[in-house]
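In what follows, a structure is listed as structure tokens, so that the remarks can point back to it.
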Amino acid sequence: MTNPLSRRRSERGLTLIEMIVSIVIISIAVIGVLGVMTYTSARSADPMVTQQAVYIARSYLEGIRLHNFSDPAQVETYTGPEAGENRASYDDIFDYNGLSEPPTDQDGTLINGLGGYTVAVTVVRDGNLGPSGTMVPNTAAAKITVEVKYGSMVDFTLVGYRTNY
């Protein structure tokens with residue numbers, strides 16, 4: 001025959017303290033998992049924003065490099081657009097120097113969905129195209145820097161060169 005006291009000890013359930021401790025441990029684990037999920041979902045758009053900044057910078061750089069090196073009218077200032085010029089009438093790469101705007105097309109029309117970005121362009125004469133950045137005499141070259149920002153999340157800079165060939 002089995003002892004009734006030993007049978008009660010084996011059927012014993014959880015005490016109130018054990019239940020509270022297990023609830024606290026499970027709550028801490030759930031809070032940790034939810035915190036990771038919240039962080040991941042909040043940052044899930046970062047790669048898209050970065051890729052858009054890269055494409056915007058590439059588009060501006062290629063568009064600028066397609067223009068003439070110097071002004072066809074031979075009235076070059078190398079500092080920015082001549083008086084009366086706007087984005088649609090830029091005729092050389094130096095007209096883009098100092099440009100700061102949200103992403104627009106060549107006519108200056110804002111591109112839908114990209115209003116949160118800012119594009120800044122700098123174009124300077126630079127003849128340091130030789131080995132290890134040494135100066136190459138009589139080289140007509142320009143360094144084009146396109147910087148794209150999206151709030152505090154993205155700050156992307158793309159640099160290219162254009163020579164007077």
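Following the order of the structure tokens, chains are lettered A, B, ..., residues in each are numbered from 1, and ligands are numbered from 1.
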
Notebook entry, point to check: Could you pull out the helix (DSSP H, G or I) residues of segment 13-152 of chain A from DSSP and send them as a PyMOL selection string?
Noted result: chain A and resi 16-42+46-65+87-89+93-96+131-133

Could those selected residues go to a file with C-alpha atoms, as a PDB file, in the first residue's frame?
ATOM      1  CA  LEU A  16       2.064  31.407  -6.006  1.00  0.00           C
ATOM      2  CA  ILE A  17       5.695  32.600  -5.872  1.00  0.00           C
ATOM      3  CA  GLU A  18       6.749  30.138  -8.592  1.00  0.00           C
ATOM      4  CA  MET A  19       3.882  31.304 -10.805  1.00  0.00           C
ATOM      5  CA  ILE A  20       4.819  34.995 -10.349  1.00  0.00           C
ATOM      6  CA  VAL A  21       8.503  34.307 -11.119  1.00  0.00           C
ATOM      7  CA  SER A  22       7.621  32.375 -14.289  1.00  0.00           C
ATOM      8  CA  ILE A  23       5.261  35.164 -15.447  1.00  0.00           C
ATOM      9  CA  VAL A  24       8.010  37.763 -14.904  1.00  0.00           C
ATOM     10  CA  ILE A  25      10.569  35.704 -16.858  1.00  0.00           C
ATOM     11  CA  ILE A  26       8.159  35.135 -19.758  1.00  0.00           C
ATOM     12  CA  SER A  27       7.231  38.852 -19.769  1.00  0.00           C
ATOM     13  CA  ILE A  28      10.899  39.873 -20.000  1.00  0.00           C
ATOM     14  CA  ALA A  29      11.424  37.461 -22.909  1.00  0.00           C
ATOM     15  CA  VAL A  30       8.330  38.751 -24.756  1.00  0.00           C
ATOM     16  CA  ILE A  31       9.400  42.381 -24.240  1.00  0.00           C
ATOM     17  CA  GLY A  32      12.847  41.574 -25.681  1.00  0.00           C
ATOM     18  CA  VAL A  33      11.388  39.871 -28.755  1.00  0.00           C
ATOM     19  CA  LEU A  34       8.910  42.711 -29.349  1.00  0.00           C
ATOM     20  CA  GLY A  35      11.722  45.254 -29.009  1.00  0.00           C
ATOM     21  CA  VAL A  36      13.751  43.500 -31.713  1.00  0.00           C
ATOM     22  CA  MET A  37      10.702  43.276 -33.987  1.00  0.00           C
ATOM     23  CA  THR A  38       9.936  46.983 -33.495  1.00  0.00           C
ATOM     24  CA  TYR A  39      13.533  47.996 -34.271  1.00  0.00           C
ATOM     25  CA  THR A  40      13.614  45.775 -37.356  1.00  0.00           C
ATOM     26  CA  SER A  41      10.332  47.039 -38.750  1.00  0.00           C
ATOM     27  CA  ALA A  42      11.273  50.676 -38.094  1.00  0.00           C
ATOM     28  CA  ASP A  46      16.626  52.175 -44.700  1.00  0.00           C
ATOM     29  CA  PRO A  47      18.030  50.155 -47.620  1.00  0.00           C
ATOM     30  CA  MET A  48      15.397  51.615 -49.950  1.00  0.00           C
ATOM     31  CA  VAL A  49      16.164  55.183 -48.853  1.00  0.00           C
ATOM     32  CA  THR A  50      19.893  54.586 -49.329  1.00  0.00           C
ATOM     33  CA  GLN A  51      19.381  53.052 -52.775  1.00  0.00           C
ATOM     34  CA  GLN A  52      17.220  55.999 -53.823  1.00  0.00           C
ATOM     35  CA  ALA A  53      19.955  58.402 -52.673  1.00  0.00           C
ATOM     36  CA  VAL A  54      22.526  56.473 -54.738  1.00  0.00           C
ATOM     37  CA  TYR A  55      20.319  56.581 -57.842  1.00  0.00           C
ATOM     38  CA  ILE A  56      19.588  60.293 -57.389  1.00  0.00           C
ATOM     39  CA  ALA A  57      23.313  61.089 -57.071  1.00  0.00           C
ATOM     40  CA  ARG A  58      24.190  58.952 -60.108  1.00  0.00           C
ATOM     41  CA  SER A  59      21.455  60.592 -62.150  1.00  0.00           C
ATOM     42  CA  TYR A  60      22.641  64.110 -61.308  1.00  0.00           C
ATOM     43  CA  LEU A  61      26.308  63.249 -61.910  1.00  0.00           C
ATOM     44  CA  GLU A  62      25.646  61.671 -65.293  1.00  0.00           C
ATOM     45  CA  GLY A  63      23.343  64.514 -66.313  1.00  0.00           C
ATOM     46  CA  ILE A  64      25.983  67.095 -65.422  1.00  0.00           C
ATOM     47  CA  ARG A  65      28.795  65.203 -67.162  1.00  0.00           C
ATOM     48  CA  ARG A  87      18.143  74.782 -64.621  1.00  0.00           C
ATOM     49  CA  ALA A  88      16.511  74.217 -68.007  1.00  0.00           C
ATOM     50  CA  SER A  89      19.008  76.513 -69.764  1.00  0.00           C
ATOM     51  CA  ILE A  93      29.010  71.830 -66.137  1.00  0.00           C
ATOM     52  CA  PHE A  94      30.015  74.894 -64.131  1.00  0.00           C
ATOM     53  CA  ASP A  95      26.442  76.191 -64.203  1.00  0.00           C
ATOM     54  CA  TYR A  96      25.620  73.456 -61.693  1.00  0.00           C
ATOM     55  CA  PRO A 131      49.469  59.469 -60.470  1.00  0.00           C
ATOM     56  CA  SER A 132      48.722  59.780 -56.754  1.00  0.00           C
ATOM     57  CA  GLY A 133      46.854  63.041 -57.293  1.00  0.00           C
TER      58      GLY A 133
END

Notebook entry, point to check: Please, what distance in Å, to one decimal, runs between atom CA of Glu101 of chain A and atom CA of Asn164 of chain A?
Noted result: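 The value is 26.6 Å.
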
Next item on the list: Name all residues at most 7 Å from segment 102-109 of chain A (count only C-alpha atoms; drop same-chain ones fewer than 2 positions away) and give them as number ranges by chain.
Entry: A: 87-88, 111, 114-115, 117-119

Checklist line | Option closest in space to Ser100 of chain A, from A:Asp71, A:Leu14, A:Ala120, A:Arg162 [counting only C-alpha atoms] | finding: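 For Ser100 of chain A, the nearest of the candidates is A:Ala120.
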
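If you look at atom CA of Tyr161 of chain A and atom CA of Asp92 of chain A, they are 13.8 Å away from each other.
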
Next item on the list: Would you mind reading off the distance between atom CA of Leu110 of chain A and atom CA of Arg125 of chain A, one decimal, in Å?
Entry: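 Atom CA of Leu110 of chain A sits 29.0 Å away from atom CA of Arg125 of chain A.
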